[in-house]
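Peer 1: Pasting a structure here, questions to come.
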Amino acid sequence: MTELLIRGRVLTFVDEPRDIADTNSYRYFEDGALLIADGRIIAMGEYSDVARIAGSETPVADHRPHLVLPGLIDAHIHFPQMQAVASYAAQLLEWLNTYTFVEEQKFADEQHAEFVAERFMDELLRHGTTTVAAYCSVHPQSVDAFFRAAQARNMCVIGGKVMMDRNAPPALCDTAQSGYDETKALIARWQGKGRLHYAITPRFAITSTPEQMEMSGALAREHPEAYIQTHLSENREEIALTRSLYPQAPDYTGIYEHYGLLGRKTLLGHCIHLSGREAKVLAETGAVAVFCPTSNLFLGSGLFDRDGLRAEGARIAVATDIGGGTSFSMLKTLDEAYKVLQLRGQRLSPLHSFYMMTLGNARALSLEDRIGTLEPGTEADVIVLNSRATPVMRMRMDVASTLTEELFLLQTTGDDRAVEQVYVAGKPMKEALGEGAGEKTPNR
Ligand code: GUN
Ligand code: ZN
């Protein structure tokens with residue numbers, strides 16, 4: 001059995017914080033430790049206690065004075081949009097047509113897909129993100145590249161082939177039947193292999209015919225083990241076009257509801273402009289509204305109404321939405337979430353932010369028994385954060401006196417520079433990350 005003792009200031013959430021003073025929502029060990037064996041956490045607590053359980057030969061990774069947290073989780077991201085980040089466009093539909101659909105066509109080329117997948121996974125890890133729910137392109141080979149890159153790093157990821165059979169360039173369109181067949185084959189190849197999970201992925205109602213939506217519903221019924229991911233109510237123009245394409249539906253949510261696509265494993269990107277009825281449907285079905293703040297600001301989509309959705313009982317996750325989103329960093333994402341909620345007159349405490357990036361998103365993905373926490377028995381995806389990573393952070397830390405102050409400055413001023421180390425299933429990854437930024441994309 002390979003053991004490792006990770007020492008540092010250990011912080012993990014046990015429940016959703018009610019407010020900034022809710023000390024019952026987390027466990028914190030100032031001189032804490034985790035004992036890892038064969039990819040799992042087998043003990044967590046005070047260093048002196050955990051060290052006693054460890055074998056005398058067990059190596060110690062001493063990360064004092066840094067924070068030790070669960071790996072961060074990103075509940076909505078587009079792997080083929082890594083090179084579409086920072087594309088100058090008006091709003092969603094223009095951005096999709098002008099840049100995104102052009103970029104995604106390159107993933108017909110297996111080598112390109114593999115090249116990007118490798119750098120995508122490394123970039124996630126460099127930012128402390130150990131799990132994502134990702135959209136691949138329409139091409140099955142992009143899904144293979146995505147899962148292979150995750151598998152090589154032993155990462156727990158969710159991914160799926162986008163299905164779209166209209167309102168996209170012909171090179172990006174499947175058909176209702178081929179989308180169904182390819183999805184079935186990909187589920188057979190990847191679902192449940194190691195730490196990999198499949199998501200049935202009709203991109204959104206605009207790019208799927210009613211026949212494809214029907215087939216997506218069939219896939220969902222035939223594969224209850226798989227996730228479902230799509231986009232919902234992101235942008236006013238998108239909503240108007242969607243309503244015109246599905247005139248019988250009572251509203252946008254009603255389309256997905258009609259085709260049987262809403263349930264506890266459904267992840268709905270954006271959910272900004274929902275009616276009361278739609279929020280209630282989310283709550284009743286257990287579908288998750290995924291808040292993507294950097295994307296919503298970048299594309300001018302609108303301000304997510306977290307409290308409105310919560311009041312109806314809807315489940316909520318948070319995500320980067322690269323490449324509509326502008327940063328791989330979940331810290332920066334929560335920084336922007338804070339500002340969006342400020343504009344809404346809603347509060348986001350740093351405890352709540354760190355909960356959302358870890359246990360909150362794990363719960364939204366129904367994976368809280370495996371990730372998003374440092375509880376013994378869970379898989380050892382762990383990050384180490386340095387709150388003094390930059391001169392600005394050091395200056396601010398010098399006058400911080402509480403844990404919540406520290407978390408807030410990490411969220412507000414931190415990014416990948418704060419990530420000292422990242423463990424995937426107990427294995428330190430930072431040193432092995434490729435020099436992604438230094439290599440040029442082939443044939444570009
Ligand atoms: N709606 C449909 N596809 C997309 C996408 O790729 N990004 C965003 N932000 N919204 C979408
Ligand atoms: Zn998206």
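Note on naming: chains are A, B, ... as they come in the structure tokens, residues start from 1 per chain, ligands start from 1 in the order shown.
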Against ligand 1, which residues of chain A fall within 6 Å? For each one I want the closest pair of atoms and the distance in Å (one decimal), counting only C-alpha atoms and all ligand atoms, rows by chain and increasing residue number, as a Markdown table.

Peer 2:
```
| residue | atom | partner | partner_atom_place_in_ligand_line | distance |
| --- | --- | --- | --- | --- |
| A:Arg203 | CA | ligand 1 | 2 (C) | 5.6 |
| A:Phe204 | CA | ligand 1 | 2 (C) | 5.4 |
| A:His231 | CA | ligand 1 | 1 (N) | 5.4 |
| A:Gly324 | CA | ligand 1 | 9 (N) | 4.7 |
```

Peer 1: Mind writing the picked residues with all heavy atoms as a PDB file, in the first residue's frame?

Peer 2:
```
ATOM      1  N   ARG A 203     -26.919  20.085 -27.362  1.00  0.00           N
ATOM      2  CA  ARG A 203     -26.263  21.365 -27.029  1.00  0.00           C
ATOM      3  C   ARG A 203     -27.231  22.371 -26.416  1.00  0.00           C
ATOM      4  O   ARG A 203     -27.006  22.910 -25.346  1.00  0.00           O
ATOM      5  CB  ARG A 203     -25.627  21.962 -28.274  1.00  0.00           C
ATOM      6  CG  ARG A 203     -24.847  23.208 -27.962  1.00  0.00           C
ATOM      7  CD  ARG A 203     -24.202  23.844 -29.154  1.00  0.00           C
ATOM      8  NE  ARG A 203     -23.118  24.665 -28.687  1.00  0.00           N
ATOM      9  CZ  ARG A 203     -21.838  24.475 -28.969  1.00  0.00           C
ATOM     10  NH1 ARG A 203     -21.461  23.538 -29.799  1.00  0.00           N
ATOM     11  NH2 ARG A 203     -20.916  25.253 -28.454  1.00  0.00           N
ATOM     12  N   PHE A 204     -28.310  22.674 -27.142  1.00  0.00           N
ATOM     13  CA  PHE A 204     -29.457  23.429 -26.621  1.00  0.00           C
ATOM     14  C   PHE A 204     -30.579  23.311 -27.640  1.00  0.00           C
ATOM     15  O   PHE A 204     -30.369  22.795 -28.743  1.00  0.00           O
ATOM     16  CB  PHE A 204     -29.132  24.863 -26.214  1.00  0.00           C
ATOM     17  CG  PHE A 204     -28.670  25.848 -27.266  1.00  0.00           C
ATOM     18  CD1 PHE A 204     -28.792  27.220 -27.024  1.00  0.00           C
ATOM     19  CD2 PHE A 204     -28.085  25.455 -28.455  1.00  0.00           C
ATOM     20  CE1 PHE A 204     -28.357  28.176 -27.943  1.00  0.00           C
ATOM     21  CE2 PHE A 204     -27.640  26.401 -29.388  1.00  0.00           C
ATOM     22  CZ  PHE A 204     -27.778  27.756 -29.126  1.00  0.00           C
ATOM     23  N   HIS A 231     -27.967  23.744 -22.315  1.00  0.00           N
ATOM     24  CA  HIS A 231     -28.039  25.161 -21.941  1.00  0.00           C
ATOM     25  C   HIS A 231     -29.494  25.583 -21.821  1.00  0.00           C
ATOM     26  O   HIS A 231     -30.345  25.103 -22.577  1.00  0.00           O
ATOM     27  CB  HIS A 231     -27.358  26.026 -23.004  1.00  0.00           C
ATOM     28  CG  HIS A 231     -25.886  25.778 -23.136  1.00  0.00           C
ATOM     29  ND1 HIS A 231     -25.366  24.775 -23.916  1.00  0.00           N
ATOM     30  CD2 HIS A 231     -24.825  26.404 -22.574  1.00  0.00           C
ATOM     31  CE1 HIS A 231     -24.045  24.791 -23.836  1.00  0.00           C
ATOM     32  NE2 HIS A 231     -23.682  25.781 -23.032  1.00  0.00           N
ATOM     33  N   GLY A 324     -17.027  30.815 -23.377  1.00  0.00           N
ATOM     34  CA  GLY A 324     -17.782  32.033 -23.123  1.00  0.00           C
ATOM     35  C   GLY A 324     -17.237  32.647 -21.847  1.00  0.00           C
ATOM     36  O   GLY A 324     -17.124  33.869 -21.716  1.00  0.00           O
TER      37      GLY A 324
END
```

Peer 1: Each residue of chain A lying at most 7 Å from ligand 2 should get a row with its shortest atom-to-atom pair and the distance in Å to one decimal, counting only C-alpha atoms and all ligand atoms; could you produce that, ordered by chain and increasing number, as JSON lines?

Peer 2:
```
{"residue": "A:His76", "atom": "CA", "partner": "ligand 2", "partner_atom_place_in_ligand_line": "1 (Zn)", "distance": 6.3}
{"residue": "A:Ile77", "atom": "CA", "partner": "ligand 2", "partner_atom_place_in_ligand_line": "1 (Zn)", "distance": 6.1}
{"residue": "A:His78", "atom": "CA", "partner": "ligand 2", "partner_atom_place_in_ligand_line": "1 (Zn)", "distance": 6.2}
{"residue": "A:His231", "atom": "CA", "partner": "ligand 2", "partner_atom_place_in_ligand_line": "1 (Zn)", "distance": 6.4}
{"residue": "A:Gly269", "atom": "CA", "partner": "ligand 2", "partner_atom_place_in_ligand_line": "1 (Zn)", "distance": 5.9}
{"residue": "A:Asp321", "atom": "CA", "partner": "ligand 2", "partner_atom_place_in_ligand_line": "1 (Zn)", "distance": 5.1}
{"residue": "A:Gly324", "atom": "CA", "partner": "ligand 2", "partner_atom_place_in_ligand_line": "1 (Zn)", "distance": 7.0}
```

Peer 1: Nearest to Leu219 in chain A: which of A:Trp190, A:Phe146, A:Tyr180, A:Tyr256 is it, counting only C-alpha atoms?

Peer 2: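 Using only C-alpha atoms, the shortest distance to Leu219 in chain A belongs to A:Tyr180.
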
Peer 1: Give me the residues near Arg18 in chain A as a PyMOL selection string, where near means some atom within 12 Å (using only C-alpha atoms) and where sequence neighbours in that chain fewer than 2 positions away do not count.

Peer 2: chain A and resi 15-16+20-26+347-353+355

Peer 1: Which one of A:Pro202, A:Pro170, A:Gly325, A:Gly372 sits closest to Met356 in chain A if you count only C-alpha atoms?

Peer 2: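 Of all the options, A:Gly372 lies closest to Met356 in chain A.
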